[in-house]
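Student: Data file work-v4.tsv (TSV, N, CA and C atoms) is appended below.
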chain	number	residue	atom	x	y	z
A	1	MET	N	135.73	92.43	125.63
A	1	MET	CA	135.41	91.82	124.35
A	1	MET	C	134.79	90.43	124.52
A	2	ALA	N	134.91	89.88	125.70
A	2	ALA	CA	134.38	88.53	125.89
A	2	ALA	C	132.88	88.50	125.65
A	3	GLU	N	132.45	87.58	124.83
A	3	GLU	CA	131.04	87.30	124.60
A	3	GLU	C	130.25	88.54	124.18
A	4	ASN	N	130.88	89.39	123.35
A	4	ASN	CA	130.16	90.57	122.90
A	4	ASN	C	129.38	90.35	121.61
A	5	GLY	N	129.51	89.19	121.03
A	5	GLY	CA	128.74	88.85	119.84
A	5	GLY	C	129.50	88.94	118.54
A	6	ILE	N	130.63	89.61	118.51
A	6	ILE	CA	131.39	89.76	117.26
A	6	ILE	C	131.79	88.41	116.70
A	7	LEU	N	132.24	87.50	117.55
A	7	LEU	CA	132.68	86.19	117.07
A	7	LEU	C	131.54	85.36	116.51
A	8	LYS	N	130.31	85.73	116.84
A	8	LYS	CA	129.16	84.95	116.42
A	8	LYS	C	128.47	85.50	115.17
A	9	ILE	N	128.93	86.62	114.65
A	9	ILE	CA	128.26	87.23	113.51
A	9	ILE	C	128.24	86.27	112.33
A	10	GLY	N	127.05	86.00	111.82
A	10	GLY	CA	126.90	85.13	110.66
A	10	GLY	C	126.99	83.65	110.96
A	11	LYS	N	127.03	83.29	112.23
A	11	LYS	CA	127.17	81.88	112.60
A	11	LYS	C	126.03	81.46	113.51
A	12	ALA	N	125.68	80.20	113.41
A	12	ALA	CA	124.75	79.60	114.37
A	12	ALA	C	125.60	79.11	115.53
A	13	THR	N	125.33	79.59	116.72
A	13	THR	CA	126.15	79.23	117.87
A	13	THR	C	125.36	78.36	118.84
A	14	ALA	N	126.09	77.74	119.74
A	14	ALA	CA	125.48	76.79	120.66
A	14	ALA	C	126.04	77.01	122.07
A	15	PHE	N	125.52	77.98	122.75
A	15	PHE	CA	126.00	78.31	124.10
A	15	PHE	C	125.02	77.84	125.16
A	16	GLN	N	124.56	76.59	125.04
A	16	GLN	CA	123.56	76.08	125.98
A	16	GLN	C	124.06	76.08	127.42
A	17	ALA	N	125.34	75.76	127.63
A	17	ALA	CA	125.86	75.73	129.00
A	17	ALA	C	125.73	77.11	129.65
A	18	HIS	N	125.91	78.16	128.87
A	18	HIS	CA	125.77	79.51	129.42
A	18	HIS	C	124.34	79.78	129.86
A	19	MET	N	123.39	79.33	129.06
A	19	MET	CA	121.99	79.55	129.43
A	19	MET	C	121.65	78.79	130.71
A	20	ILE	N	122.14	77.55	130.83
A	20	ILE	CA	121.91	76.78	132.04
A	20	ILE	C	122.55	77.48	133.23
A	21	GLU	N	123.79	77.91	133.05
A	21	GLU	CA	124.51	78.52	134.17
A	21	GLU	C	123.92	79.88	134.55
A	22	HIS	N	123.44	80.64	133.59
A	22	HIS	CA	122.80	81.92	133.94
A	22	HIS	C	121.61	81.68	134.86
A	23	GLN	N	120.84	80.66	134.58
A	23	GLN	CA	119.70	80.35	135.45
A	23	GLN	C	120.19	79.83	136.80
A	24	LEU	N	121.21	78.98	136.80
A	24	LEU	CA	121.77	78.49	138.06
A	24	LEU	C	122.25	79.67	138.90
A	25	GLY	N	122.91	80.62	138.27
A	25	GLY	CA	123.38	81.81	138.98
A	25	GLY	C	122.24	82.67	139.51
A	26	ALA	N	121.15	82.72	138.76
A	26	ALA	CA	119.99	83.49	139.21
A	26	ALA	C	119.39	82.89	140.48
A	27	TYR	N	119.43	81.57	140.59
A	27	TYR	CA	118.86	80.89	141.75
A	27	TYR	C	119.83	80.77	142.92
A	28	THR	N	121.15	80.83	142.62
A	28	THR	CA	122.13	80.57	143.69
A	28	THR	C	123.16	81.67	143.89
A	29	ASP	N	123.26	82.60	142.96
A	29	ASP	CA	124.28	83.65	143.01
A	29	ASP	C	125.70	83.04	142.96
A	30	CYS	N	125.83	81.91	142.26
A	30	CYS	CA	127.14	81.26	142.15
A	30	CYS	C	128.03	81.97	141.14
A	31	ASN	N	129.31	81.68	141.20
A	31	ASN	CA	130.29	82.21	140.26
A	31	ASN	C	130.03	81.60	138.88
A	32	HIS	N	129.93	82.44	137.86
A	32	HIS	CA	129.60	81.99	136.51
A	32	HIS	C	130.64	81.01	135.96
A	33	GLY	N	131.92	81.32	136.11
A	33	GLY	CA	132.97	80.45	135.61
A	33	GLY	C	132.98	79.10	136.30
A	34	PHE	N	132.76	79.10	137.60
A	34	PHE	CA	132.69	77.84	138.34
A	34	PHE	C	131.52	76.99	137.82
A	35	GLY	N	130.39	77.64	137.65
A	35	GLY	CA	129.22	76.91	137.16
A	35	GLY	C	129.45	76.32	135.78
A	36	LEU	N	130.09	77.08	134.90
A	36	LEU	CA	130.41	76.55	133.57
A	36	LEU	C	131.35	75.37	133.65
A	37	ALA	N	132.34	75.45	134.53
A	37	ALA	CA	133.29	74.34	134.70
A	37	ALA	C	132.57	73.07	135.13
A	38	VAL	N	131.59	73.21	135.98
A	38	VAL	CA	130.83	72.05	136.47
A	38	VAL	C	129.92	71.50	135.37
A	39	ILE	N	129.26	72.36	134.64
A	39	ILE	CA	128.24	71.95	133.67
A	39	ILE	C	128.83	71.39	132.38
A	40	HIS	N	129.87	72.02	131.84
A	40	HIS	CA	130.33	71.67	130.50
A	40	HIS	C	130.64	70.19	130.26
A	41	PRO	N	131.51	69.54	131.02
A	41	PRO	CA	131.83	68.15	130.67
A	41	PRO	C	130.61	67.23	130.63
A	42	THR	N	129.73	67.35	131.60
A	42	THR	CA	128.55	66.48	131.64
A	42	THR	C	127.60	66.82	130.50
A	43	MET	N	127.40	68.10	130.25
A	43	MET	CA	126.53	68.50	129.14
A	43	MET	C	127.10	68.01	127.82
A	44	TYR	N	128.42	68.15	127.62
A	44	TYR	CA	129.03	67.68	126.38
A	44	TYR	C	128.85	66.17	126.21
A	45	ARG	N	129.02	65.41	127.28
A	45	ARG	CA	128.81	63.96	127.18
A	45	ARG	C	127.36	63.66	126.80
A	46	HIS	N	126.47	64.47	127.31
A	46	HIS	CA	125.04	64.26	127.04
A	46	HIS	C	124.70	64.52	125.57
A	47	MET	N	125.38	65.48	124.94
A	47	MET	CA	125.05	65.83	123.57
A	47	MET	C	126.06	65.34	122.54
A	48	MET	N	127.09	64.65	122.96
A	48	MET	CA	128.17	64.21	122.08
A	48	MET	C	127.67	63.38	120.90
A	49	ALA	N	126.72	62.51	121.11
A	49	ALA	CA	126.24	61.65	120.02
A	49	ALA	C	125.61	62.45	118.89
A	50	GLY	N	125.16	63.66	119.16
A	50	GLY	CA	124.56	64.50	118.13
A	50	GLY	C	125.55	65.13	117.18
A	51	ALA	N	126.82	65.13	117.53
A	51	ALA	CA	127.84	65.74	116.67
A	51	ALA	C	129.22	65.19	117.00
A	52	PRO	N	129.41	63.87	116.85
A	52	PRO	CA	130.71	63.30	117.22
A	52	PRO	C	131.88	63.90	116.45
A	53	GLU	N	131.65	64.30	115.20
A	53	GLU	CA	132.74	64.88	114.41
A	53	GLU	C	133.20	66.21	115.00
A	54	LYS	N	132.27	67.02	115.47
A	54	LYS	CA	132.63	68.32	116.08
A	54	LYS	C	133.41	68.10	117.37
A	55	PHE	N	132.96	67.17	118.18
A	55	PHE	CA	133.66	66.90	119.43
A	55	PHE	C	135.01	66.22	119.16
A	56	ALA	N	135.10	65.43	118.09
A	56	ALA	CA	136.39	64.84	117.71
A	56	ALA	C	137.36	65.93	117.28
A	57	ARG	N	136.87	66.91	116.54
A	57	ARG	CA	137.72	68.04	116.14
A	57	ARG	C	138.19	68.82	117.37
A	58	PHE	N	137.31	68.99	118.32
A	58	PHE	CA	137.67	69.62	119.60
A	58	PHE	C	138.83	68.87	120.25
A	59	ALA	N	138.76	67.55	120.22
A	59	ALA	CA	139.80	66.72	120.83
A	59	ALA	C	141.15	66.90	120.13
A	60	THR	N	141.13	66.91	118.81
A	60	THR	CA	142.40	67.00	118.08
A	60	THR	C	142.93	68.42	118.03
A	61	GLU	N	142.07	69.40	117.79
A	61	GLU	CA	142.51	70.78	117.62
A	61	GLU	C	142.82	71.50	118.93
A	62	VAL	N	142.04	71.25	119.94
A	62	VAL	CA	142.24	71.94	121.22
A	62	VAL	C	143.19	71.17	122.12
A	63	TRP	N	143.02	69.87	122.19
A	63	TRP	CA	143.79	69.07	123.15
A	63	TRP	C	144.94	68.31	122.53
A	64	GLY	N	145.06	68.33	121.21
A	64	GLY	CA	146.18	67.67	120.55
A	64	GLY	C	146.13	66.16	120.64
A	65	ILE	N	144.96	65.59	120.77
A	65	ILE	CA	144.82	64.14	120.88
A	65	ILE	C	145.02	63.52	119.50
A	66	ASP	N	145.88	62.53	119.43
A	66	ASP	CA	146.18	61.84	118.19
A	66	ASP	C	144.96	61.05	117.72
A	67	ALA	N	144.55	61.27	116.48
A	67	ALA	CA	143.36	60.63	115.94
A	67	ALA	C	143.63	59.23	115.41
A	68	ALA	N	144.87	58.85	115.30
A	68	ALA	CA	145.21	57.56	114.68
A	68	ALA	C	144.52	56.40	115.40
A	69	GLY	N	143.79	55.61	114.61
A	69	GLY	CA	143.16	54.42	115.13
A	69	GLY	C	141.94	54.64	115.99
A	70	LYS	N	141.45	55.88	116.06
A	70	LYS	CA	140.30	56.18	116.92
A	70	LYS	C	139.10	56.58	116.06
A	71	SER	N	137.95	56.14	116.47
A	71	SER	CA	136.71	56.58	115.81
A	71	SER	C	136.39	58.00	116.27
A	72	ALA	N	135.47	58.61	115.57
A	72	ALA	CA	135.03	59.96	115.97
A	72	ALA	C	134.48	59.94	117.39
A	73	GLU	N	133.75	58.90	117.73
A	73	GLU	CA	133.17	58.80	119.07
A	73	GLU	C	134.25	58.66	120.13
A	74	GLU	N	135.28	57.86	119.85
A	74	GLU	CA	136.39	57.70	120.81
A	74	GLU	C	137.15	59.00	120.99
A	75	LEU	N	137.39	59.70	119.88
A	75	LEU	CA	138.07	61.00	119.96
A	75	LEU	C	137.24	62.00	120.74
A	76	ALA	N	135.94	62.02	120.46
A	76	ALA	CA	135.04	62.95	121.15
A	76	ALA	C	135.09	62.72	122.66
A	77	ALA	N	135.00	61.46	123.06
A	77	ALA	CA	135.05	61.13	124.50
A	77	ALA	C	136.40	61.52	125.09
A	78	ALA	N	137.47	61.29	124.36
A	78	ALA	CA	138.81	61.64	124.86
A	78	ALA	C	138.95	63.15	125.02
A	79	GLY	N	138.35	63.91	124.12
A	79	GLY	CA	138.40	65.37	124.23
A	79	GLY	C	137.66	65.88	125.45
A	80	ILE	N	136.52	65.30	125.72
A	80	ILE	CA	135.75	65.70	126.90
A	80	ILE	C	136.49	65.29	128.17
A	81	ASP	N	137.11	64.11	128.15
A	81	ASP	CA	137.94	63.69	129.29
A	81	ASP	C	139.09	64.66	129.52
A	82	ALA	N	139.70	65.13	128.42
A	82	ALA	CA	140.81	66.09	128.54
A	82	ALA	C	140.33	67.41	129.13
A	83	LEU	N	139.15	67.86	128.72
A	83	LEU	CA	138.58	69.08	129.30
A	83	LEU	C	138.35	68.90	130.78
A	84	GLU	N	137.77	67.78	131.15
A	84	GLU	CA	137.49	67.51	132.56
A	84	GLU	C	138.79	67.47	133.38
A	85	ALA	N	139.83	66.86	132.82
A	85	ALA	CA	141.12	66.79	133.51
A	85	ALA	C	141.73	68.19	133.66
A	86	PHE	N	141.58	69.02	132.64
A	86	PHE	CA	142.09	70.39	132.70
A	86	PHE	C	141.36	71.19	133.78
A	87	ILE	N	140.07	71.04	133.85
A	87	ILE	CA	139.28	71.73	134.87
A	87	ILE	C	139.78	71.35	136.26
A	88	ALA	N	140.03	70.07	136.46
A	88	ALA	CA	140.54	69.61	137.76
A	88	ALA	C	141.96	70.14	138.00
A	89	GLU	N	142.79	70.11	136.97
A	89	GLU	CA	144.19	70.55	137.09
A	89	GLU	C	144.29	72.01	137.53
A	90	ILE	N	143.41	72.85	137.04
A	90	ILE	CA	143.50	74.26	137.40
A	90	ILE	C	142.69	74.61	138.65
A	91	GLY	N	142.12	73.58	139.27
A	91	GLY	CA	141.49	73.77	140.57
A	91	GLY	C	140.07	74.27	140.56
A	92	LEU	N	139.39	74.14	139.43
A	92	LEU	CA	137.98	74.54	139.40
A	92	LEU	C	137.11	73.41	139.94
A	93	PRO	N	135.95	73.73	140.43
A	93	PRO	CA	135.07	72.69	140.97
A	93	PRO	C	134.54	71.78	139.87
A	94	SER	N	134.18	70.57	140.26
A	94	SER	CA	133.61	69.63	139.31
A	94	SER	C	132.20	69.20	139.70
A	95	THR	N	131.73	69.68	140.84
A	95	THR	CA	130.36	69.37	141.27
A	95	THR	C	129.72	70.62	141.86
A	96	LEU	N	128.42	70.61	141.90
A	96	LEU	CA	127.70	71.72	142.52
A	96	LEU	C	127.96	71.75	144.02
A	97	SER	N	128.08	70.59	144.63
A	97	SER	CA	128.33	70.57	146.08
A	97	SER	C	129.67	71.21	146.42
A	98	GLU	N	130.66	71.08	145.55
A	98	GLU	CA	131.94	71.77	145.77
A	98	GLU	C	131.78	73.29	145.72
A	99	MET	N	130.70	73.74	145.09
A	99	MET	CA	130.41	75.17	145.02
A	99	MET	C	129.50	75.61	146.16
A	100	GLY	N	129.15	74.69	147.04
A	100	GLY	CA	128.27	75.01	148.15
A	100	GLY	C	126.80	74.91	147.81
A	101	ILE	N	126.49	74.31	146.69
A	101	ILE	CA	125.10	74.15	146.26
A	101	ILE	C	124.68	72.73	146.60
A	102	SER	N	124.05	72.57	147.74
A	102	SER	CA	123.61	71.25	148.19
A	102	SER	C	122.62	71.44	149.33
A	103	GLY	N	122.10	70.35	149.80
A	103	GLY	CA	121.20	70.39	150.95
A	103	GLY	C	119.75	70.31	150.57
A	104	GLU	N	118.92	70.49	151.59
A	104	GLU	CA	117.48	70.39	151.42
A	104	GLU	C	117.00	71.44	150.42
A	105	GLY	N	116.14	71.01	149.54
A	105	GLY	CA	115.57	71.92	148.55
A	105	GLY	C	116.38	72.02	147.26
A	106	THR	N	117.54	71.38	147.22
A	106	THR	CA	118.39	71.48	146.03
A	106	THR	C	117.69	70.90	144.81
A	107	ASP	N	117.07	69.74	144.95
A	107	ASP	CA	116.40	69.13	143.79
A	107	ASP	C	115.30	70.03	143.24
A	108	ASP	N	114.51	70.63	144.11
A	108	ASP	CA	113.46	71.54	143.65
A	108	ASP	C	114.05	72.76	142.94
A	109	MET	N	115.13	73.28	143.50
A	109	MET	CA	115.77	74.43	142.89
A	109	MET	C	116.34	74.06	141.52
A	110	LEU	N	116.98	72.90	141.41
A	110	LEU	CA	117.54	72.47	140.12
A	110	LEU	C	116.43	72.23	139.10
A	111	ARG	N	115.29	71.74	139.55
A	111	ARG	CA	114.14	71.57	138.65
A	111	ARG	C	113.69	72.94	138.14
A	112	ALA	N	113.66	73.93	139.02
A	112	ALA	CA	113.27	75.28	138.60
A	112	ALA	C	114.28	75.88	137.63
A	113	VAL	N	115.55	75.63	137.87
A	113	VAL	CA	116.60	76.08	136.94
A	113	VAL	C	116.36	75.46	135.57
A	114	ALA	N	116.17	74.15	135.53
A	114	ALA	CA	115.96	73.45	134.27
A	114	ALA	C	114.71	73.96	133.54
A	115	ASP	N	113.64	74.14	134.29
A	115	ASP	CA	112.38	74.57	133.68
A	115	ASP	C	112.43	76.00	133.15
A	116	SER	N	113.33	76.81	133.68
A	116	SER	CA	113.38	78.21	133.26
A	116	SER	C	114.55	78.53	132.33
A	117	THR	N	115.33	77.53	131.97
A	117	THR	CA	116.47	77.75	131.08
A	117	THR	C	116.01	77.95	129.64
A	118	ILE	N	116.57	78.97	129.00
A	118	ILE	CA	116.30	79.20	127.57
A	118	ILE	C	116.96	78.08	126.78
A	119	ILE	N	116.22	77.49	125.87
A	119	ILE	CA	116.72	76.39	125.04
A	119	ILE	C	117.35	76.97	123.78
A	120	ILE	N	118.58	76.56	123.49
A	120	ILE	CA	119.29	77.00	122.29
A	120	ILE	C	119.03	75.97	121.18
A	121	PRO	N	118.35	76.37	120.11
A	121	PRO	CA	117.97	75.40	119.08
A	121	PRO	C	119.09	75.01	118.12
A	122	THR	N	120.29	75.58	118.27
A	122	THR	CA	121.37	75.28	117.34
A	122	THR	C	122.43	74.35	117.93
A	123	CYS	N	122.16	73.77	119.09
A	123	CYS	CA	123.12	72.84	119.70
A	123	CYS	C	123.14	71.53	118.92
A	124	PRO	N	124.24	70.77	119.05
A	124	PRO	CA	124.31	69.47	118.39
A	124	PRO	C	123.16	68.55	118.79
A	125	LYS	N	122.69	68.69	120.00
A	125	LYS	CA	121.50	67.98	120.47
A	125	LYS	C	120.68	69.03	121.22
A	126	VAL	N	119.50	69.30	120.72
A	126	VAL	CA	118.65	70.28	121.37
A	126	VAL	C	118.07	69.63	122.63
A	127	LEU	N	118.40	70.23	123.75
A	127	LEU	CA	117.97	69.70	125.04
A	127	LEU	C	116.58	70.20	125.41
A	128	ASP	N	115.88	69.43	126.20
A	128	ASP	CA	114.64	69.92	126.78
A	128	ASP	C	114.85	70.08	128.28
A	129	ALA	N	113.87	70.58	128.97
A	129	ALA	CA	114.01	70.87	130.40
A	129	ALA	C	114.33	69.61	131.20
A	130	ASP	N	113.75	68.48	130.82
A	130	ASP	CA	114.04	67.23	131.55
A	130	ASP	C	115.50	66.83	131.39
A	131	GLU	N	116.05	66.99	130.19
A	131	GLU	CA	117.46	66.65	129.96
A	131	GLU	C	118.38	67.62	130.72
A	132	ILE	N	118.02	68.88	130.76
A	132	ILE	CA	118.81	69.85	131.53
A	132	ILE	C	118.78	69.47	133.01
A	133	PHE	N	117.63	69.07	133.51
A	133	PHE	CA	117.54	68.62	134.89
A	133	PHE	C	118.42	67.40	135.12
A	134	GLU	N	118.44	66.45	134.19
A	134	GLU	CA	119.31	65.27	134.31
A	134	GLU	C	120.78	65.67	134.41
A	135	ILE	N	121.17	66.64	133.59
A	135	ILE	CA	122.56	67.13	133.61
A	135	ILE	C	122.87	67.75	134.97
A	136	LEU	N	121.98	68.59	135.45
A	136	LEU	CA	122.18	69.23	136.76
A	136	LEU	C	122.21	68.21	137.89
A	137	GLU	N	121.34	67.21	137.82
A	137	GLU	CA	121.36	66.15	138.83
A	137	GLU	C	122.67	65.38	138.81
A	138	ALA	N	123.20	65.18	137.61
A	138	ALA	CA	124.45	64.41	137.46
A	138	ALA	C	125.66	65.15	138.03
A	139	VAL	N	125.58	66.47	138.11
A	139	VAL	CA	126.73	67.26	138.59
A	139	VAL	C	126.57	67.69	140.05
A	140	LYS	N	125.57	67.15	140.74
A	140	LYS	CA	125.37	67.51	142.15
A	140	LYS	C	126.59	67.09	142.94
Would you encode the structure as structure tokens?
Tutor:
Amino acid sequence: MAENGILKIGKATAFQAHMIEHQLGAYTDCNHGFGLAVIHPTMYRHMMAGAPEKFARFATEVWGIDAAGKSAEELAAAGIDALEAFIAEIGLPSTLSEMGISGEGTDDMLRAVADSTIIIPTCPKVLDADEIFEILEAVK
């Protein structure tokens, strides 16, 4: 049932990290879940300003972060920090190099990943190929 589309019926969805990771997997044959764990926190930080209220809700509803005295931006950042801490706690990688993706030619490969990623127009911040490359470079 995972990702079969039923949950998305009638909704505009924003699965940009999946599109990035599908391309990363095509170029590296990496584990999809590992790639998502590496990409999500950095990508969320990159697009957080486009929808601070949504990321603030993520912080309070998913992570139980107390909203008292915090702006939407502070809550959003705290939620992303909580996600990143959870990823580390359960032992998932936080960088591409931890996944064995490094060495000569990595920058060219990441540029190709970015240039070939399908852009999702319903994200809080619609990314372009250069921004996707920046995200991938940040998670090396």
Student: Could you work out how far atom C of Thr122 (chain A) lies from atom N of Met43 (chain A), giving the answer in Å with one decimal?
Tutor: 14.7 Å
Student: May I ask for the distance between atom N of Ala77 (chain A) and atom N of Glu134 (chain A), given in Å to one decimal place?
Tutor: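 One can read the atom N of Ala77 (chain A) to atom N of Glu134 (chain A) distance as 20.6 Å.
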Student: Just the number, please: distance in Å from CA of Ile119 (chain A) to CA of Ala12 (chain A), one decimal.
Tutor: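 Computing it gives 13.7 Å between the two atoms.
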Student: Set the distance at 8 Å and use only C-alpha atoms: which residues neighbour Ala129 (chain A) once local chain neighbours fewer than 6 positions away are removed? I'd like the list as number ranges by chain.
Tutor: A: 114-117
Student: Which one is closest to Cys30 (chain A): A:Phe55, A:Ser97, A:Trp63, A:Lys125? Count only C-alpha atoms.
Tutor: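 Counting only C-alpha atoms, the residue closest to Cys30 (chain A) is A:Ser97.
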Student: Using DSSP on the backbone coordinates, identify all residues within chain A classified as helix (DSSP H, G or I); present the result as JSON, numbers by chain.
Tutor: {"A": [6, 7, 8, 16, 17, 18, 19, 20, 21, 22, 23, 24, 25, 26, 27, 28, 32, 33, 34, 35, 36, 37, 38, 39, 40, 41, 42, 43, 44, 45, 46, 47, 48, 49, 50, 52, 53, 54, 55, 56, 57, 58, 59, 60, 61, 62, 63, 72, 73, 74, 75, 76, 77, 78, 79, 80, 81, 82, 83, 84, 85, 86, 87, 88, 89, 97, 98, 99, 106, 107, 108, 109, 110, 111, 112, 113, 114, 115, 116, 129, 130, 131, 132, 133, 134, 135, 136, 137, 138]}
Student: If you count only C-alpha atoms, which residues fall within 12 Å of Ile118 (chain A), apart from same-chain ones fewer than 3 positions away, as a PyMOL selection string?
Tutor: chain A and resi 14-24+113-115+121+126-129+132
Student: Keeping only N, CA and C atoms, write those residues as a short mmCIF file (atom, residue, chain, number, x, y, z; two decimals), in the frame of the given file.
Tutor:
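Okay, again_0.cif is ready:
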data_model
loop_
_atom_site.label_atom_id
_atom_site.label_comp_id
_atom_site.auth_asym_id
_atom_site.auth_seq_id
_atom_site.Cartn_x
_atom_site.Cartn_y
_atom_site.Cartn_z
N ALA A 14 126.09 77.74 119.74
CA ALA A 14 125.48 76.79 120.66
C ALA A 14 126.04 77.01 122.07
N PHE A 15 125.52 77.98 122.75
CA PHE A 15 126.00 78.31 124.10
C PHE A 15 125.02 77.84 125.16
N GLN A 16 124.56 76.59 125.04
CA GLN A 16 123.56 76.08 125.98
C GLN A 16 124.06 76.08 127.42
N ALA A 17 125.34 75.76 127.63
CA ALA A 17 125.86 75.73 129.00
C ALA A 17 125.73 77.11 129.65
N HIS A 18 125.91 78.16 128.87
CA HIS A 18 125.77 79.51 129.42
C HIS A 18 124.34 79.78 129.86
N MET A 19 123.39 79.33 129.06
CA MET A 19 121.99 79.55 129.43
C MET A 19 121.65 78.79 130.71
N ILE A 20 122.14 77.55 130.83
CA ILE A 20 121.91 76.78 132.04
C ILE A 20 122.55 77.48 133.23
N GLU A 21 123.79 77.91 133.05
CA GLU A 21 124.51 78.52 134.17
C GLU A 21 123.92 79.88 134.55
N HIS A 22 123.44 80.64 133.59
CA HIS A 22 122.80 81.92 133.94
C HIS A 22 121.61 81.68 134.86
N GLN A 23 120.84 80.66 134.58
CA GLN A 23 119.70 80.35 135.45
C GLN A 23 120.19 79.83 136.80
N LEU A 24 121.21 78.98 136.80
CA LEU A 24 121.77 78.49 138.06
C LEU A 24 122.25 79.67 138.90
N VAL A 113 115.55 75.63 137.87
CA VAL A 113 116.60 76.08 136.94
C VAL A 113 116.36 75.46 135.57
N ALA A 114 116.17 74.15 135.53
CA ALA A 114 115.96 73.45 134.27
C ALA A 114 114.71 73.96 133.54
N ASP A 115 113.64 74.14 134.29
CA ASP A 115 112.38 74.57 133.68
C ASP A 115 112.43 76.00 133.15
N PRO A 121 118.35 76.37 120.11
CA PRO A 121 117.97 75.40 119.08
C PRO A 121 119.09 75.01 118.12
N VAL A 126 119.50 69.30 120.72
CA VAL A 126 118.65 70.28 121.37
C VAL A 126 118.07 69.63 122.63
N LEU A 127 118.40 70.23 123.75
CA LEU A 127 117.97 69.70 125.04
C LEU A 127 116.58 70.20 125.41
N ASP A 128 115.88 69.43 126.20
CA ASP A 128 114.64 69.92 126.78
C ASP A 128 114.85 70.08 128.28
N ALA A 129 113.87 70.58 128.97
CA ALA A 129 114.01 70.87 130.40
C ALA A 129 114.33 69.61 131.20
N ILE A 132 118.02 68.88 130.76
CA ILE A 132 118.81 69.85 131.53
C ILE A 132 118.78 69.47 133.01
#
Student: Tell me, as a list in words, which residues lie within 7 Å of Val38 (chain A), counting all atoms listed in the file; anything in the same chain fewer than 5 positions away does not count.
Tutor: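 Final neighbour list, sorted by chain and number: Gly33, Met43, Leu92, Pro93, Ser94, Thr95, Leu96 and Val139 of chain A.
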Student: Ranking A:Ala68, A:Thr106, A:Glu53, A:Ala138 by minimum distance to Pro41 (chain A) and counting only C-alpha atoms, which one comes first?
Tutor: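 Smallest separation from Pro41 (chain A) among the options: A:Ala138.
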Student: Which is closest to Val62 (chain A) among A:Gly79, A:Ala85, A:His32, A:Met109, if we use all atoms listed in the file?
Tutor: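 When distances to Val62 (chain A) are compared using all atoms listed in the file, the smallest one comes from A:Gly79.
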Student: Find, counting only C-alpha atoms, the residue in A:Ala37, A:Ala78, A:Leu110, A:Ala67 that gets nearest to Gly91 (chain A).
Tutor: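 So, comparing all the options, the nearest one is A:Ala37.
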Student: For Ile80 (chain A), which residue out of A:Ile39, A:Ile120, A:Ala59, A:Leu136 is the nearest one, using only C-alpha atoms?
Tutor: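 Residue with the minimum atom-to-atom distance to Ile80 (chain A): A:Ala59.
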Student: Missing atoms in region 21-25 of chain A need filling: write out all heavy atoms for it as an mmCIF file, keeping the file's coordinate frame.
Tutor:
data_model
loop_
_atom_site.group_PDB
_atom_site.id
_atom_site.type_symbol
_atom_site.label_atom_id
_atom_site.label_comp_id
_atom_site.auth_asym_id
_atom_site.auth_seq_id
_atom_site.Cartn_x
_atom_site.Cartn_y
_atom_site.Cartn_z
ATOM 1 N N GLU A 21 123.790 77.910 133.050
ATOM 2 C CA GLU A 21 124.510 78.520 134.170
ATOM 3 C C GLU A 21 123.920 79.880 134.550
ATOM 4 O O GLU A 21 123.893 80.233 135.728
ATOM 5 C CB GLU A 21 125.999 78.655 133.854
ATOM 6 C CG GLU A 21 126.870 78.744 135.099
ATOM 7 C CD GLU A 21 126.608 79.977 135.948
ATOM 8 O OE1 GLU A 21 126.502 81.095 135.385
ATOM 9 O OE2 GLU A 21 126.510 79.832 137.192
ATOM 10 N N HIS A 22 123.440 80.640 133.590
ATOM 11 C CA HIS A 22 122.800 81.920 133.940
ATOM 12 C C HIS A 22 121.610 81.680 134.860
ATOM 13 O O HIS A 22 121.414 82.419 135.829
ATOM 14 C CB HIS A 22 122.366 82.683 132.687
ATOM 15 C CG HIS A 22 123.482 83.366 131.978
ATOM 16 N ND1 HIS A 22 124.259 84.332 132.554
ATOM 17 C CD2 HIS A 22 123.961 83.204 130.726
ATOM 18 C CE1 HIS A 22 125.166 84.744 131.695
ATOM 19 N NE2 HIS A 22 125.014 84.072 130.573
ATOM 20 N N GLN A 23 120.840 80.660 134.580
ATOM 21 C CA GLN A 23 119.700 80.350 135.450
ATOM 22 C C GLN A 23 120.190 79.830 136.800
ATOM 23 O O GLN A 23 119.653 80.200 137.843
ATOM 24 C CB GLN A 23 118.775 79.345 134.796
ATOM 25 C CG GLN A 23 117.970 79.935 133.659
ATOM 26 C CD GLN A 23 117.262 81.211 134.061
ATOM 27 O OE1 GLN A 23 117.713 82.308 133.721
ATOM 28 N NE2 GLN A 23 116.186 81.090 134.790
ATOM 29 N N LEU A 24 121.210 78.980 136.800
ATOM 30 C CA LEU A 24 121.770 78.490 138.060
ATOM 31 C C LEU A 24 122.250 79.670 138.900
ATOM 32 O O LEU A 24 121.995 79.741 140.111
ATOM 33 C CB LEU A 24 122.914 77.519 137.788
ATOM 34 C CG LEU A 24 123.559 76.878 139.011
ATOM 35 C CD1 LEU A 24 122.560 75.993 139.750
ATOM 36 C CD2 LEU A 24 124.792 76.083 138.597
ATOM 37 N N GLY A 25 122.910 80.620 138.270
ATOM 38 C CA GLY A 25 123.380 81.810 138.980
ATOM 39 C C GLY A 25 122.240 82.670 139.510
ATOM 40 O O GLY A 25 122.339 83.253 140.589
#
